[in-house]
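A quick write-up on the structure given underneath.
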Amino acid sequence: MAKDQTMRNLFKALDGFAIELPSWGFADTGTRFGKFFQGAAASTLDEKLHDAGLVNQLTGACPTVAVHVLWDFVAGEDPRNTAKLAKKHGVKIGSINPNVFQDQDYKLGSFCSPDPKARRAALKHTMDSIAIGKAVGSKHLSMWLADGTNYPGQDSIYRRKKDLEKAFKKINDEMEKSWRGSTLLIEYKPFEPSFYHTDIADWGMSYLFCQKAGKRAKVLVDTGHHLPGCNIEHIVALLLSEGMLGGFHFNDRKYADDDLTLGSIDPYAAFRIFDQIAQYTFDTGKDPKLAYMVDQSHNLKPKLEAMVQTVDEAQKLFAKAHLVDRKALAIAQKSGDITGAERLLKDAYETDVRPMLADWRKSHKLPACPLTELRKSGVVEELSKARTQARKDRGEVQSSSYA
Ligand code: PSV
Ligand code: MN
């Protein structure tokens, strides 16, 4: 294909590539061994949305913010206040994530708990979350459950599955009835916080629950939620071909659900996911309309820098996947030219797309390198000072601070 045409196609693809930021990715987090504070970390909703707005301003690719209902909405307050706050910072509320994991009620699970009171509480909270989603103009309800057991024999896996099926059906039906154009995303995770069994442990289980729930439901792939060695792009290709892939939570990992910045450990793996999506569109002519989201929540790296770095990396890997010569690939595949086929992928992956991305950004009046721009601006240092002072004024104790 002529170079100009390739660039035009790439720019068009980048125009359509939006990636949602997680509100929780701007706040202080830690490990179970401790928390190290960052002066510039967001501690209020206003600060989280401000930071998301800043990342969107720098990258031009993040118009929406994922929220957790109990962390980002005030009970009894009009949820549209959160939407207004988002608007003030130049973003919109994206996926709504119910919190069916932190209350004491959920000690033995939420929808799968042996205690009907917990199951009812989870359903009520999810129905309230649907109402919030509708009120703020979101299009996604994203469900991650911490449900599972820690020891063999702890509970009936069979009974838990049946109860979960019923709950998802009710959730799907309510969305069908009252929330036009919405999608129910069902996320899976093989372990943590449960260590013997997780009620939705892998994509196949998610798929099964989606099928039983109804038309709204689709599978959400969190790149950190797989056992080592798993071929994620194969899962992606299969779900795409079934029309059952709803979206992604992007992050990177070395061992488990490490929540590291995208591409920090294995960028080729993320490239191969984007490659399958681009291949699907090339083969079918269809846009799978996926919800691309970031789900990272690491410690130590400055939050804003980490987020900009992830978005930049996602755009790079996405762009590389759009440079694969698909016609030549089809010829190589047909003739069994394994080396040639692989080389076509590697040629695209090894292309330095930074100048192309810089051109795309310039065409949208964006900084050529958002991370350099952020570091040059001194914003993180300013926020660190202002937020440290604000926390002091509010009487919050924070022992260490660095930007
Ligand atoms: C759980 O590990 C998860 O991936 C879910 O998506 C949650 O919404 C998110 O992390 C934040 O706790
Ligand atoms: Mn996730």
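To be explicit about the labels: the chains of the structure tokens are called A, B, and onward in the order shown, and within each one the residues are counted from 1, while ligands get numbers from 1 in the order they are shown.
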
Set the distance at 12 Å and use only C-alpha atoms: which residues neighbour stretch 26-42 of chain A once local chain neighbours fewer than 5 positions away are removed? I'd like the list as an MDAnalysis selection string. chainID A and resid 21 47:55 65:67 71:72 193 258:259 294:308 378:392 397:403

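Considering only C-alpha atoms and all ligand atoms, every residue of the polymer chains approaching ligand 2 to 10 Å or closer is listed here: Pro22, Asn97, Ser142, Met143, Trp144, Glu187, Tyr188, Lys189, Leu220, Val221, Asp222, Thr223, Gly224, His225, Phe248, His249, Phe250, Asn251, Asp257, Asp259, Met293, Val294, Asp295, Gln296 and Ser297 of chain A.
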
Kindly export the residues of the current selection with C-alpha atoms, as a tab-separated table (two decimals), in the first residue's frame.
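The resulting file, selection.tsv, is reproduced below:
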chain	number	residue	atom	x	y	z
A	22	PRO	CA	-9.59	4.57	36.07
A	97	ASN	CA	-18.08	-0.31	38.63
A	142	SER	CA	-18.49	-3.24	34.62
A	143	MET	CA	-18.75	-6.13	37.07
A	144	TRP	CA	-15.80	-7.60	38.87
A	187	GLU	CA	-14.65	-9.57	34.20
A	188	TYR	CA	-12.84	-12.74	35.27
A	189	LYS	CA	-9.84	-13.38	37.47
A	220	LEU	CA	-14.13	-8.03	29.83
A	221	VAL	CA	-10.48	-9.06	29.48
A	222	ASP	CA	-8.15	-7.63	32.15
A	223	THR	CA	-4.66	-8.36	30.83
A	224	GLY	CA	-3.41	-9.04	34.38
A	225	HIS	CA	-6.06	-11.66	35.11
A	248	PHE	CA	-10.22	-4.50	28.12
A	249	HIS	CA	-8.60	-3.48	31.34
A	250	PHE	CA	-5.03	-2.78	30.25
A	251	ASN	CA	-2.02	-3.11	32.51
A	257	ASP	CA	-2.27	-9.19	38.82
A	259	ASP	CA	-1.15	-3.69	37.85
A	293	MET	CA	-9.82	0.91	29.62
A	294	VAL	CA	-6.74	1.21	31.79
A	295	ASP	CA	-6.75	-0.65	35.09
A	296	GLN	CA	-3.47	0.07	36.81
A	297	SER	CA	-2.95	0.92	40.40

If we count only C-alpha atoms and set the cut-off at 8 Å, which residues sit around A:Thr82, ignoring sequence neighbours fewer than 2 positions away in its own chain? Please answer as a compact mmCIF listing (two decimals) with C-alpha atoms, in the first residue's frame.
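Okay, this is what ended up in out.txt:
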# COMPACT_ATOMS: atom_id res chain seq x y z
CA ASP A 72 -16.66 8.12 43.63
CA PHE A 73 -20.28 8.90 44.44
CA PRO A 79 -25.04 11.32 40.87
CA ARG A 80 -25.24 14.01 38.23
CA LYS A 84 -20.89 17.85 36.34
CA LEU A 85 -17.55 17.70 38.09
CA ALA A 86 -16.20 15.50 35.29
CA ILE A 93 -18.09 9.48 33.37
CA VAL A 136 -24.74 10.15 34.32

With only C-alpha atoms as the counted atoms, please give the residues lying no more than 8 Å from A:Trp179, apart from itself and same-chain residues fewer than 3 positions off, as a ChimeraX atom specification. /A:130,134,174-176,182

Okay, now the selection with C-alpha atoms, as a PDB file, in the first residue's frame?
ATOM      1  CA  ILE A 130     -27.546   0.859  37.030  1.00  0.00           C
ATOM      2  CA  LYS A 134     -28.245   5.879  33.404  1.00  0.00           C
ATOM      3  CA  GLU A 174     -32.900  -4.495  34.222  1.00  0.00           C
ATOM      4  CA  MET A 175     -30.346  -2.984  31.841  1.00  0.00           C
ATOM      5  CA  GLU A 176     -32.367  -4.204  28.880  1.00  0.00           C
ATOM      6  CA  SER A 182     -25.814  -0.118  27.678  1.00  0.00           C
TER       7      SER A 182
END

Please provide the set of residues having any atom within 8 Å of A:Pro63, restricted to only C-alpha atoms, with same-chain residues fewer than 6 positions apart removed, written as an NGL selection string. :A and (18-20 or 53 or 56 or 90-92)

Among the residues A:Asp325, A:Glu192, A:Asp15, A:Asp103, the one that comes closest to ligand 1 [using only C-alpha atoms and all ligand atoms]: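 That would be A:Glu192, the residue with the smallest distance to ligand 1.
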
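Taking only C-alpha atoms and all ligand atoms into account, ligand 1 lies nearest to A:Pro190 out of the set A:Pro367, A:Pro116, A:Gly214, A:Pro190.
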
So how far away is atom 11 (C, counted along the ligand's line) of ligand 1 from atom CA of A:His197, in Å?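 One can read the atom CA of A:His197 to atom 11 (C, counted along the ligand's line) of ligand 1 distance as 19.3 Å.
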
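Take atom CA of A:Gly263 and atom CA of A:Ala321: the distance between them is 14.0 Å.
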
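Residue nearest ligand 1 within the list A:Tyr158, A:Phe191, A:Tyr151, A:Phe11: A:Phe191 [criterion: smallest interatomic distance, only C-alpha atoms and all ligand atoms].
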
Computed interatomic separation between atom CA of A:Ala269 and atom CA of A:Ser335 (Å):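 Those two atoms sit 25.5 Å apart.
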
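When only C-alpha atoms and all ligand atoms are used to compute distances to ligand 1, the closest of the residues A:Lys177, A:His226, A:Lys88, A:Lys12 turns out to be A:His226.
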
Among stretch 184-248 of chain A, which residues carry a DSSP assignment of strand (DSSP E or B), reported as a PyMOL selection string? chain A and resi 184-187+197-198+217-222+245-248

Using only N, CA and C atoms, please write the residues we just selected to a file, as a compact mmCIF listing (two decimals), in the first residue's frame.
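Contents of result30.txt, freshly written:
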# COMPACT_ATOMS: atom_id res chain seq x y z
N LEU A 184 -23.28 -4.74 29.64
CA LEU A 184 -22.84 -5.33 30.91
C LEU A 184 -21.51 -6.04 30.65
N LEU A 185 -20.46 -5.57 31.29
CA LEU A 185 -19.15 -6.20 31.10
C LEU A 185 -18.87 -7.13 32.28
N ILE A 186 -18.54 -8.38 31.97
CA ILE A 186 -18.27 -9.35 33.04
C ILE A 186 -16.79 -9.74 33.01
N GLU A 187 -16.11 -9.37 34.09
CA GLU A 187 -14.65 -9.57 34.20
C GLU A 187 -14.35 -10.88 34.93
N HIS A 197 -10.73 -21.19 44.95
CA HIS A 197 -11.45 -21.08 43.68
C HIS A 197 -12.06 -19.69 43.57
N THR A 198 -12.15 -19.19 42.34
CA THR A 198 -12.80 -17.90 42.06
C THR A 198 -14.06 -18.23 41.26
N ALA A 217 -24.78 -8.66 27.82
CA ALA A 217 -23.54 -9.06 28.49
C ALA A 217 -22.41 -9.42 27.53
N LYS A 218 -21.21 -8.93 27.86
CA LYS A 218 -20.01 -9.27 27.09
C LYS A 218 -18.83 -9.45 28.04
N VAL A 219 -17.82 -10.13 27.54
CA VAL A 219 -16.66 -10.47 28.38
C VAL A 219 -15.68 -9.29 28.45
N LEU A 220 -15.18 -9.03 29.64
CA LEU A 220 -14.13 -8.03 29.83
C LEU A 220 -12.81 -8.75 30.13
N VAL A 221 -11.80 -8.45 29.31
CA VAL A 221 -10.48 -9.06 29.48
C VAL A 221 -9.55 -8.08 30.21
N ASP A 222 -9.18 -8.41 31.44
CA ASP A 222 -8.15 -7.63 32.15
C ASP A 222 -6.84 -8.36 31.88
N LEU A 245 -16.68 -10.14 22.80
CA LEU A 245 -15.66 -9.36 23.51
C LEU A 245 -16.20 -7.96 23.76
N GLY A 246 -16.24 -7.58 25.03
CA GLY A 246 -16.78 -6.25 25.38
C GLY A 246 -15.70 -5.19 25.53
N GLY A 247 -14.56 -5.58 26.08
CA GLY A 247 -13.52 -4.58 26.27
C GLY A 247 -12.35 -5.10 27.07
N PHE A 248 -11.47 -4.15 27.44
CA PHE A 248 -10.22 -4.50 28.12
C PHE A 248 -9.97 -3.64 29.34

Of the candidates A:Gly76, A:Gly25, A:Gly16, A:Gly336, which one gets nearest to ligand 1 if we count only C-alpha atoms and all ligand atoms?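 For ligand 1, the nearest of the given residues is A:Gly25.
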